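Shown here: my_file_9.cif, mmCIF, C-alpha atoms.
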data_start
loop_
_atom_site.label_atom_id
_atom_site.label_comp_id
_atom_site.auth_asym_id
_atom_site.auth_seq_id
_atom_site.Cartn_x
_atom_site.Cartn_y
_atom_site.Cartn_z
CA MET A 1 0.00 0.00 0.00
CA ASP A 2 1.18 3.50 -0.88
CA GLY A 3 2.37 5.50 2.13
CA LEU A 4 -0.15 8.27 1.64
CA ASP A 5 -3.05 5.82 1.18
CA LEU A 6 -2.09 4.14 4.41
CA LEU A 7 -1.97 7.56 6.04
CA LYS A 8 -5.38 8.49 4.63
CA LYS A 9 -6.89 5.33 6.07
CA ASP A 10 -5.29 5.95 9.43
CA TRP A 11 -6.29 9.62 9.33
CA LYS A 12 -9.95 8.66 9.14
CA LYS A 13 -9.55 6.06 11.90
CA ARG A 14 -7.99 8.65 14.16
CA GLU A 15 -11.07 10.85 14.08
CA ALA A 16 -12.39 8.76 16.93
CA SER A 17 -9.45 9.76 19.12
CA LEU A 18 -9.89 13.50 18.54
CA PRO A 19 -10.81 15.63 21.53
CA HIS A 20 -14.44 16.66 21.80
CA LEU A 21 -15.39 19.97 23.37
CA SER A 22 -18.80 20.59 24.82
CA TYR A 23 -21.19 23.36 23.77
CA ASP A 24 -20.30 25.36 26.90
CA GLN A 25 -16.56 24.99 26.41
CA ILE A 26 -16.86 26.35 22.87
CA TYR A 27 -19.25 29.11 23.97
CA GLN A 28 -16.71 30.36 26.53
CA MET A 29 -14.03 30.57 23.85
CA LEU A 30 -16.03 33.16 21.89
CA TRP A 31 -15.17 35.82 24.44
CA LYS A 32 -11.47 35.08 24.75
CA ARG A 33 -8.96 37.60 23.40
CA SER A 34 -7.59 36.96 19.96
CA SER A 35 -3.82 36.92 19.59
CA SER A 36 -3.92 37.12 15.83
CA ILE A 37 -1.10 38.69 13.87
CA VAL A 38 -3.54 41.18 12.29
CA LYS A 39 -4.33 42.63 15.71
CA TRP A 40 -0.63 43.09 16.42
CA ILE A 41 -0.02 44.70 13.05
CA PHE A 42 -2.93 47.08 13.65
CA VAL A 43 -1.67 48.13 17.09
CA ILE A 44 1.94 48.57 15.94
CA SER A 45 0.88 50.54 12.85
CA ILE A 46 -1.28 52.92 14.89
CA VAL A 47 1.61 53.44 17.31
CA GLU A 48 3.86 54.21 14.35
CA PHE A 49 1.44 56.76 12.88
CA LEU A 50 1.05 58.44 16.28
CA PHE A 51 4.79 58.42 16.95
CA TRP A 52 5.69 60.13 13.69
CA ALA A 53 2.78 62.56 13.88
CA LEU A 54 3.72 63.51 17.45
CA LEU A 55 7.34 63.91 16.47
CA SER A 56 6.47 66.52 13.85
CA VAL A 57 4.21 68.37 16.32
CA ILE A 58 6.97 68.43 18.95
CA PHE A 59 9.46 69.83 16.45
CA SER A 60 7.20 72.61 15.25
CA ASP A 61 7.37 74.67 18.45
CA LYS A 62 6.97 78.43 18.91
CA HIS A 63 10.65 79.17 18.73
CA GLN A 64 10.90 77.47 15.37
CA TRP A 65 8.07 79.63 14.03
CA GLU A 66 9.77 82.82 15.20
CA LEU A 67 12.94 81.75 13.47
CA LEU A 68 11.07 80.93 10.28
CA GLU A 69 9.38 84.32 10.32
CA GLU A 70 12.74 85.96 10.61
CA TYR A 71 13.89 84.15 7.47
CA ASN A 72 10.63 84.92 5.59
CA MET A 73 9.79 81.22 5.28
CA THR A 74 6.32 81.25 6.84
CA THR A 75 4.45 80.79 3.55
CA GLU A 76 6.61 77.88 2.48
CA VAL A 77 6.22 76.21 5.87
CA ILE A 78 2.44 76.64 5.85
CA ILE A 79 2.25 75.09 2.38
CA ILE A 80 4.55 72.23 3.40
CA SER A 81 2.62 71.63 6.65
CA VAL A 82 -0.77 71.57 4.93
CA LEU A 83 0.59 69.24 2.27
CA SER A 84 2.21 67.01 4.88
CA TYR A 85 -1.04 66.74 6.90
CA LEU A 86 -3.03 65.99 3.75
CA ILE A 87 -0.57 63.28 2.77
CA THR A 88 -0.62 61.84 6.33
CA PHE A 89 -4.43 61.67 6.24
CA TYR A 90 -4.26 60.04 2.84
CA PHE A 91 -1.89 57.36 4.21
CA ILE A 92 -4.11 56.76 7.25
CA TYR A 93 -7.12 56.45 4.94
CA CYS A 94 -5.23 53.94 2.73
CA PHE A 95 -4.12 52.01 5.80
CA TYR A 96 -7.66 51.82 7.14
CA ARG A 97 -9.05 50.81 3.74
CA ASN A 98 -6.46 48.04 3.38
CA TYR A 99 -7.01 46.94 6.96
CA ARG A 100 -10.77 46.60 6.34
CA LYS A 101 -10.02 44.43 3.33
CA ILE A 102 -8.33 41.77 5.46
CA SER A 103 -10.77 38.90 5.66
CA SER A 104 -10.22 35.41 6.98
CA THR A 105 -12.78 34.14 4.47
CA ASP A 106 -10.57 35.03 1.49
CA ASN A 107 -8.25 32.41 0.05
CA ALA A 108 -4.88 32.02 1.80
CA LYS A 109 -2.89 33.91 -0.82
CA LEU A 110 -5.23 36.89 -0.98
CA LEU A 111 -5.37 37.09 2.81
CA MET A 112 -1.57 37.18 3.05
CA LYS A 113 -1.37 39.72 0.21
CA ASN A 114 -3.84 42.05 1.95
CA ILE A 115 -2.00 41.83 5.27
CA LEU A 116 1.33 42.62 3.59
CA LYS A 117 -0.32 45.48 1.68
CA THR A 118 -1.36 47.07 4.99
CA ARG A 119 2.23 46.88 6.15
CA LYS A 120 3.44 48.38 2.89
CA THR A 121 1.24 51.46 3.45
CA VAL A 122 2.85 52.10 6.83
CA LYS A 123 6.33 51.52 5.39
CA ARG A 124 5.62 54.02 2.61
CA TYR A 125 4.36 56.54 5.13
CA ILE A 126 7.58 56.29 7.11
CA ALA A 127 9.63 56.58 3.91
CA PHE A 128 7.60 59.67 3.05
CA ILE A 129 8.25 61.19 6.49
CA ILE A 130 11.98 60.56 6.29
CA ILE A 131 12.36 61.83 2.72
CA SER A 132 10.19 64.90 3.35
CA ASN A 133 12.13 65.71 6.51
CA ILE A 134 15.42 65.48 4.64
CA LEU A 135 13.99 67.80 1.97
CA VAL A 136 12.80 70.25 4.63
CA VAL A 137 16.24 70.23 6.26
CA LEU A 138 17.87 70.88 2.88
CA LEU A 139 15.37 73.64 2.03
CA THR A 140 15.84 75.32 5.40
CA THR A 141 19.61 75.14 5.08
CA TYR A 142 19.43 76.64 1.59
CA GLU A 143 17.16 79.48 2.77
CA PHE A 144 19.41 80.01 5.77
CA ILE A 145 22.48 80.33 3.59
CA SER A 146 20.82 82.65 1.08
CA TYR A 147 19.44 84.80 3.92
CA HIS A 148 22.91 85.21 5.37
CA ALA A 149 24.45 85.78 1.96
CA SER A 150 22.08 88.62 1.11
CA ASN A 151 21.85 90.22 4.54
CA SER A 152 25.37 90.21 5.86
CA GLU A 153 28.39 92.13 4.75
CA ILE A 154 31.68 90.45 5.14
CA THR A 155 33.78 93.02 6.86
CA GLU A 156 36.29 90.72 8.44
CA PRO A 157 37.18 87.80 6.13
CA GLU A 158 38.91 85.82 8.94
CA ASN A 159 35.50 85.45 10.62
CA TYR A 160 34.08 84.02 7.40
CA SER A 161 36.55 81.15 7.27
CA PHE A 162 35.59 80.33 10.85
CA ASN A 163 31.95 80.23 9.74
CA LEU A 164 32.72 77.85 6.93
CA LYS A 165 34.21 75.41 9.41
CA ASN A 166 31.04 75.70 11.43
CA TRP A 167 28.95 74.95 8.39
CA LEU A 168 30.93 71.84 7.64
CA PHE A 169 30.60 70.78 11.26
CA MET A 170 26.84 71.33 11.08
CA PHE A 171 26.53 69.27 7.89
CA ALA A 172 28.56 66.49 9.48
CA ILE A 173 26.21 66.51 12.48
CA ILE A 174 23.12 66.44 10.25
CA PHE A 175 24.61 63.61 8.22
CA ALA A 176 25.57 61.61 11.30
CA GLY A 177 22.14 62.24 12.81
CA LEU A 178 20.41 60.95 9.68
CA LEU A 179 22.71 57.94 9.59
CA ILE A 180 22.02 57.04 13.23
CA LEU A 181 18.28 57.55 12.75
CA SER A 182 18.22 55.33 9.63
CA GLY A 183 20.27 52.71 11.45
CA LEU A 184 17.92 52.67 14.42
CA LEU A 185 14.87 52.48 12.16
CA LEU A 186 16.37 49.63 10.20
CA LEU A 187 17.14 47.78 13.42
CA PHE A 188 13.61 48.39 14.71
CA TYR A 189 12.14 47.00 11.50
CA ARG A 190 14.45 44.00 11.48
CA VAL A 191 13.54 43.09 15.04
CA VAL A 192 9.81 43.91 15.26
CA TYR A 193 8.67 42.92 11.80
CA GLY A 194 11.27 40.23 11.39
CA ILE A 195 9.70 38.37 14.27
CA LEU A 196 6.12 39.25 13.43
CA LEU A 197 6.12 38.72 9.69
CA ARG A 198 8.77 36.06 9.15
CA ARG A 199 6.29 33.22 8.92
CA LEU A 200 3.82 35.20 6.83
CA ASN A 201 6.49 36.32 4.36
CA ARG A 202 7.82 32.78 4.05
CA ASN A 203 4.38 31.31 3.38
CA TYR A 204 3.48 34.06 0.92
CA LYS A 205 6.73 33.49 -0.98
CA GLU A 206 5.99 29.76 -1.04
CA LEU A 207 2.57 30.39 -2.61
CA LYS A 208 4.01 32.96 -5.06
CA LYS A 209 6.71 30.49 -6.05
CA LEU A 210 4.00 28.09 -7.21
CA GLU A 211 2.79 30.61 -9.75
CA ILE A 212 6.08 30.64 -11.66
CA MET B 1 -30.96 38.12 17.53
CA ASN B 2 -27.39 38.08 18.81
CA LYS B 3 -28.18 35.25 21.21
CA GLU B 4 -29.73 33.36 18.34
CA LEU B 5 -26.58 33.89 16.23
CA GLU B 6 -24.35 32.72 19.08
CA HIS B 7 -26.44 29.61 19.56
CA GLN B 8 -26.46 28.85 15.85
CA PHE B 9 -22.69 29.31 15.62
CA VAL B 10 -21.75 27.23 18.67
CA THR B 11 -24.08 24.43 17.58
CA ASN B 12 -22.49 24.39 14.11
CA LEU B 13 -18.98 24.48 15.50
CA GLU B 14 -19.67 21.78 18.05
CA LYS B 15 -20.89 19.57 15.23
CA HIS B 16 -17.92 20.27 12.95
CA GLN B 17 -15.17 20.73 15.55
CA ASN B 18 -13.25 17.76 14.17
CA ILE B 19 -12.08 19.92 11.24
CA ALA B 20 -10.41 22.37 13.62
CA HIS B 21 -8.94 19.61 15.78
CA LYS B 22 -7.42 17.93 12.74
CA ILE B 23 -5.84 21.20 11.62
CA CYS B 24 -4.45 21.69 15.12
CA ARG B 25 -3.04 18.18 14.97
CA ILE B 26 -1.17 18.94 11.74
CA TYR B 27 0.12 22.37 12.80
CA THR B 28 1.00 21.86 16.45
CA ASN B 29 3.18 19.47 18.41
CA ASP B 30 1.77 19.55 21.89
CA GLN B 31 -1.54 19.72 23.69
CA ASP B 32 -1.17 23.33 24.89
CA SER B 33 -0.45 24.63 21.40
CA HIS B 34 -3.31 22.51 20.10
CA ASN B 35 -5.68 24.18 22.55
CA ASP B 36 -4.30 27.65 21.76
CA LEU B 37 -4.74 27.19 18.04
CA PHE B 38 -8.22 25.71 18.50
CA GLN B 39 -9.21 28.76 20.52
CA GLU B 40 -7.84 31.18 17.92
CA ILE B 41 -9.68 29.28 15.17
CA THR B 42 -12.90 29.56 17.20
CA ILE B 43 -12.39 33.32 17.67
CA GLN B 44 -11.64 33.87 13.97
CA LEU B 45 -14.64 31.77 12.92
CA TRP B 46 -16.88 33.71 15.29
CA LYS B 47 -15.55 37.05 14.03
CA ALA B 48 -16.21 36.03 10.43
CA TYR B 49 -19.55 34.37 11.18
CA PRO B 50 -21.76 37.46 10.56
CA LYS B 51 -20.47 37.38 6.97
CA PHE B 52 -21.35 33.71 6.58
CA ARG B 53 -24.55 33.77 4.57
CA GLY B 54 -25.07 30.09 4.29
CA GLU B 55 -24.35 30.05 0.55
CA ALA B 56 -21.73 27.41 1.19
CA LYS B 57 -21.88 24.62 3.72
CA PHE B 58 -20.66 25.57 7.20
CA SER B 59 -17.96 22.90 6.96
CA THR B 60 -16.64 24.19 3.58
CA TRP B 61 -16.49 27.73 4.96
CA MET B 62 -14.85 26.45 8.11
CA TYR B 63 -12.00 24.72 6.25
CA ARG B 64 -10.98 28.04 4.72
CA VAL B 65 -11.15 30.21 7.86
CA ALA B 66 -9.55 27.56 10.07
CA LEU B 67 -6.68 26.94 7.63
CA ASN B 68 -6.14 30.69 7.21
CA THR B 69 -5.89 30.98 10.97
CA ALA B 70 -3.34 28.18 11.19
CA ILE B 71 -1.21 29.35 8.25
CA THR B 72 -1.45 33.13 8.53
CA LEU B 73 -3.25 34.62 11.50
CA TYR B 74 -2.15 32.48 14.43
CA ARG B 75 0.82 33.77 16.37
CA LYS B 76 2.60 30.98 18.14
CA LYS B 77 3.14 31.55 21.82
CA LYS B 78 6.52 30.95 23.33
CA ARG B 79 6.56 28.17 25.88
CA SER B 80 9.08 27.73 28.59
CA ILE B 81 7.83 24.36 29.83
CA PRO B 82 8.27 21.55 27.31
CA THR B 83 5.15 19.43 26.93
CA GLN B 84 4.75 15.83 25.92
CA ASP B 85 5.05 15.07 22.25
CA PHE B 86 1.55 14.86 20.81
CA ASP B 87 2.16 12.03 18.36
CA THR B 88 3.63 9.81 21.01
CA VAL B 89 0.45 10.14 23.02
CA ASP B 90 -1.56 9.21 19.99
CA PHE B 91 0.46 6.20 19.07
CA LYS B 92 0.04 4.70 22.50
CA ILE B 93 -3.71 4.65 21.92
CA LYS B 94 -3.57 3.27 18.44
CA ALA B 95 -0.59 0.95 18.57
CA GLU B 96 -2.44 -2.33 19.05
CA GLU B 97 -4.43 -1.95 15.81
CA TYR B 98 -1.42 -2.28 13.49
CA ASP B 99 1.42 -4.70 13.04
CA ASP B 100 4.87 -3.42 13.97
CA GLU B 101 5.92 -2.58 10.43
CA THR B 102 2.80 -0.57 9.59
CA GLU B 103 2.94 1.18 12.90
CA GLN B 104 6.54 2.17 12.26
CA GLN B 105 5.67 3.32 8.74
CA LEU B 106 2.86 5.52 10.05
CA LYS B 107 5.06 6.97 12.73
CA VAL B 108 7.64 7.95 10.12
CA MET B 109 4.90 9.43 7.90
CA TYR B 110 3.46 11.56 10.70
CA SER B 111 6.85 12.86 11.73
CA ALA B 112 7.66 13.53 8.05
CA ILE B 113 4.51 15.67 7.83
CA GLN B 114 5.69 17.66 10.83
CA GLU B 115 8.83 18.50 8.83
CA LEU B 116 6.86 19.97 5.91
CA ASN B 117 6.35 23.71 5.57
CA ASP B 118 3.00 25.36 6.32
CA ILE B 119 1.77 25.33 2.72
CA GLU B 120 2.77 21.70 2.16
CA LYS B 121 0.99 20.77 5.38
CA ALA B 122 -2.15 22.50 4.10
CA LEU B 123 -1.95 20.50 0.87
CA VAL B 124 -1.49 17.22 2.71
CA PHE B 125 -4.30 18.07 5.12
CA LEU B 126 -6.76 18.85 2.29
CA TYR B 127 -5.65 15.70 0.48
CA LEU B 128 -6.22 13.57 3.57
CA GLU B 129 -9.63 15.21 3.93
CA ASP B 130 -10.53 13.97 0.42
CA LYS B 131 -10.77 17.46 -1.05
CA ASN B 132 -10.48 17.70 -4.82
CA TYR B 133 -7.93 19.89 -6.57
CA ARG B 134 -10.51 22.57 -7.29
CA ASP B 135 -11.25 22.93 -3.57
CA ILE B 136 -7.53 22.90 -2.76
CA SER B 137 -6.78 25.59 -5.35
CA GLU B 138 -9.68 27.77 -4.17
CA THR B 139 -8.68 27.48 -0.51
CA LEU B 140 -5.05 28.35 -1.10
CA GLY B 141 -5.50 30.82 -3.96
CA ILE B 142 -3.37 28.96 -6.49
CA THR B 143 -4.32 27.43 -9.83
CA GLU B 144 -5.57 23.85 -10.04
CA VAL B 145 -2.57 22.84 -12.15
CA ASN B 146 -0.16 24.28 -9.61
CA ALA B 147 -2.00 22.58 -6.75
CA ARG B 148 -1.62 19.28 -8.58
CA VAL B 149 2.08 19.85 -9.34
CA LYS B 150 2.83 20.85 -5.77
CA MET B 151 0.86 17.90 -4.36
CA ASN B 152 2.83 15.48 -6.54
CA ARG B 153 6.07 17.01 -5.27
CA VAL B 154 4.94 16.61 -1.68
CA LYS B 155 3.93 12.98 -2.35
CA THR B 156 7.38 12.28 -3.80
CA LYS B 157 8.99 14.02 -0.86
CA LEU B 158 7.04 11.86 1.59
CA LYS B 159 7.72 8.69 -0.41
CA ASN B 160 11.43 9.42 -0.36
CA ILE B 161 11.35 9.89 3.39
CA LEU B 162 9.54 6.59 3.75
CA ASN B 163 11.76 4.60 1.36
CA PRO B 164 15.18 6.23 1.41
#
For this file, produce the structure as structure tokens.
Amino acid sequence: MDGLDLLKKDWKKREASLPHLSYDQIYQMLWKRSSSIVKWIFVISIVEFLFWALLSVIFSDKHQWELLEEYNMTTEVIIISVLSYLITFYFIYCFYRNYRKISSTDNAKLLMKNILKTRKTVKRYIAFIIISNILVVLLTTYEFISYHASNSEITEPENYSFNLKNWLFMFAIIFAGLLILSGLLLLFYRVVYGILLRRLNRNYKELKKLEI
Amino acid sequence: MNKELEHQFVTNLEKHQNIAHKICRIYTNDQDSHNDLFQEITIQLWKAYPKFRGEAKFSTWMYRVALNTAITLYRKKKRSIPTQDFDTVDFKIKAEEYDDETEQQLKVMYSAIQELNDIEKALVFLYLEDKNYRDISETLGITEVNARVKMNRVKTKLKNILNP
């Protein structure tokens, strides 16, 4: 007899030895907390959205506004802020829409695809935040330089060379800061999502592989 | 209305609970994990139940949700206390029904299944449950041809384990 046929026969026989739960035991389970991966992804994603949104609120304090007014950048900042909020709301809307699409009654591949799509939205949002912040830093630096260039007279050239050193130092700090931030983010993603999504990614790849 | 729905659901699940237990048997190795997965399957089924319109049979619908829970949604809990191997428990009950050789063969087969990946386990499970390739392809979201190809590969894999 073929191994699998033997197994099939045994499989049916074993039904008798399966546990049997009573109506009440099953009823009680309905109210237990789910520990599904989707719930975890939802919680972590919301925390991420809040974290990044809070971060931008913290950084836009009163002092910053005064400084921006001094450099005549208020209009640009208002435009950028409005745009940034609109884009954030758009991402949250996309996240929610994708989240609602997750259904355990879909086929396995579609279910995995929809879960990963939700994650992708959050990843894109974070990429957007990082890229837009880099752009803002560059724009501010540019405006800062041009403001100084047009409003200051160089009377003592030896002071200017000192300033240049300072500029370089500032760029080095910005660069190092960005590097550390990216490193930390990468580490966070490796650890949190590596653990959470390893199995899902592996199974999704396995199903995708079958399509080739 | 809600009470009625709860009653309807629990009655259906009580009747068809074997499906969930069999999935737990394939995807877990010990009794605690079995119970955990069974509970998560119950929760997921209950959450999806309002969308169940009765177009399909409860059991057909249950195969899909329960397998999705085992493959995708269920998050294994870490255990610090090792529990008794599930298959060993089972074999003690069943041992007297087979001769030594068959018993050994089955033992090897069951442990070989434990070595398969989640998708292969799903294929084997649906095969053992007498599902046709159309059902298998619809449950997993792959084409019928690919389900057949993959199933043949798994069969060969298991055969090779059995007759090295």
Do a neighbour search on B:His34 at 10 Å with only C-alpha atoms, toss out local chain neighbours closer than 2 positions, and write the hits as a compact mmCIF listing (two decimals) with C-alpha atoms, in the frame of the given file.
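Result file follows (part.txt):
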# COMPACT_ATOMS: atom_id res chain seq x y z
CA ALA B 20 -10.41 22.37 13.62
CA HIS B 21 -8.94 19.61 15.78
CA LYS B 22 -7.42 17.93 12.74
CA ILE B 23 -5.84 21.20 11.62
CA CYS B 24 -4.45 21.69 15.12
CA ARG B 25 -3.04 18.18 14.97
CA ILE B 26 -1.17 18.94 11.74
CA TYR B 27 0.12 22.37 12.80
CA THR B 28 1.00 21.86 16.45
CA ASN B 29 3.18 19.47 18.41
CA ASP B 30 1.77 19.55 21.89
CA GLN B 31 -1.54 19.72 23.69
CA ASP B 32 -1.17 23.33 24.89
CA ASP B 36 -4.30 27.65 21.76
CA LEU B 37 -4.74 27.19 18.04
CA PHE B 38 -8.22 25.71 18.50
CA GLN B 39 -9.21 28.76 20.52
CA PHE B 86 1.55 14.86 20.81
Hey, what's within 12 Å of A:Arg124 if we count only C-alpha atoms and toss same-chain stuff fewer than 2 positions away? As a tab-separated table (two decimals) with C-alpha atoms, keeping the file's coordinate frame, please?
chain	number	residue	atom	x	y	z
A	45	SER	CA	0.88	50.54	12.85
A	48	GLU	CA	3.86	54.21	14.35
A	49	PHE	CA	1.44	56.76	12.88
A	87	ILE	CA	-0.57	63.28	2.77
A	88	THR	CA	-0.62	61.84	6.33
A	90	TYR	CA	-4.26	60.04	2.84
A	91	PHE	CA	-1.89	57.36	4.21
A	92	ILE	CA	-4.11	56.76	7.25
A	94	CYS	CA	-5.23	53.94	2.73
A	95	PHE	CA	-4.12	52.01	5.80
A	117	LYS	CA	-0.32	45.48	1.68
A	118	THR	CA	-1.36	47.07	4.99
A	119	ARG	CA	2.23	46.88	6.15
A	120	LYS	CA	3.44	48.38	2.89
A	121	THR	CA	1.24	51.46	3.45
A	122	VAL	CA	2.85	52.10	6.83
A	126	ILE	CA	7.58	56.29	7.11
A	127	ALA	CA	9.63	56.58	3.91
A	128	PHE	CA	7.60	59.67	3.05
A	129	ILE	CA	8.25	61.19	6.49
A	130	ILE	CA	11.98	60.56	6.29
A	131	ILE	CA	12.36	61.83	2.72
A	132	SER	CA	10.19	64.90	3.35
Item to complete: Counting only C-alpha atoms, collect the residues of chain B whose closest atom lies at most 6 Å from chain A, and write them out as JSON, numbers by chain.
Response: {"B": [43, 65, 68, 72, 73, 74, 75, 128, 139, 140, 141]}
Discussion item. Which residues are close to B:Lys159, i.e. within 9 Å by all atoms listed in the file, leaving aside same-chain residues fewer than 2 positions away? Reply as a list of chain:residue names.
Written reply: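 The residues satisfying every condition are A:Asp2, A:Gly3, A:Leu4, B:Met109, B:Val154, B:Lys155, B:Thr156, B:Lys157, B:Ile161, B:Leu162, B:Asn163, B:Pro164.
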Worksheet, complete the sentence: With distances taken over all atoms listed in the file, the candidate from A:Ile195, A:Ala149, A:Val136, A:Leu185 nearest A:Val77 is A:Val136
Worksheet item: What is the atom CA of B:Lys107 to atom CA of B:Leu67 distance in Å?
Response: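 That distance, rounded to one decimal, is 23.7 Å.
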Item to complete: Show which residues sit within 12 Å of A:Thr140, as a list in words. Count all atoms listed in the file, and ignore same-chain residues fewer than 4 positions away.
Response: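 Here the answer would be Gln64, Leu67, Leu68, Tyr71, Asn72, Met73, Thr74, Glu76, Val77, Ile80, Asn133, Ile134, Leu135, Val136, Phe144, Ile145, Ser146 and Tyr147 of chain A.
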Fill in: Separation of atom CA of B:Trp61 from atom CA of B:Asn2, in Å and rounded to one decimal
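One can read the atom CA of B:Trp61 to atom CA of B:Asn2 distance as 20.4 Å.
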Fill in: Residue among B:Phe9, B:Tyr133, B:Tyr110, B:Phe125 lying closest to B:Pro50, counting all atoms listed in the file
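So, comparing all the options, the nearest one is B:Phe9.
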Item to complete: Could you tell me how far atom CA of A:Lys165 lies from atom CA of A:Leu181, in Å and to one decimal?
Response: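 Separation of atom CA of A:Lys165 and atom CA of A:Leu181: 24.2 Å.
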Fill in: 8 Å contact set for B:Glu120, only C-alpha atoms, chain neighbours under 2 positions out, as a list in words
Leu116, Asn117, Asp118, Ala122, Leu123, Val124, Lys150, Met151 and Val154 of chain B
Output C-alpha atoms of each residue in that selection to a file, as a PDB file, keeping the file's coordinate frame.
ATOM      1  CA  LEU B 116       6.860  19.970   5.910  1.00  0.00           C
ATOM      2  CA  ASN B 117       6.350  23.710   5.570  1.00  0.00           C
ATOM      3  CA  ASP B 118       3.000  25.360   6.320  1.00  0.00           C
ATOM      4  CA  ALA B 122      -2.150  22.500   4.100  1.00  0.00           C
ATOM      5  CA  LEU B 123      -1.950  20.500   0.870  1.00  0.00           C
ATOM      6  CA  VAL B 124      -1.490  17.220   2.710  1.00  0.00           C
ATOM      7  CA  LYS B 150       2.830  20.850  -5.770  1.00  0.00           C
ATOM      8  CA  MET B 151       0.860  17.900  -4.360  1.00  0.00           C
ATOM      9  CA  VAL B 154       4.940  16.610  -1.680  1.00  0.00           C
TER      10      VAL B 154
END
Discussion item. I'd like to know which of B:Leu158, B:His16, B:Ile119, B:Val145 is closest to B:Leu106, using all atoms listed in the file.
Written reply: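 So, comparing all the options, the nearest one is B:Leu158.
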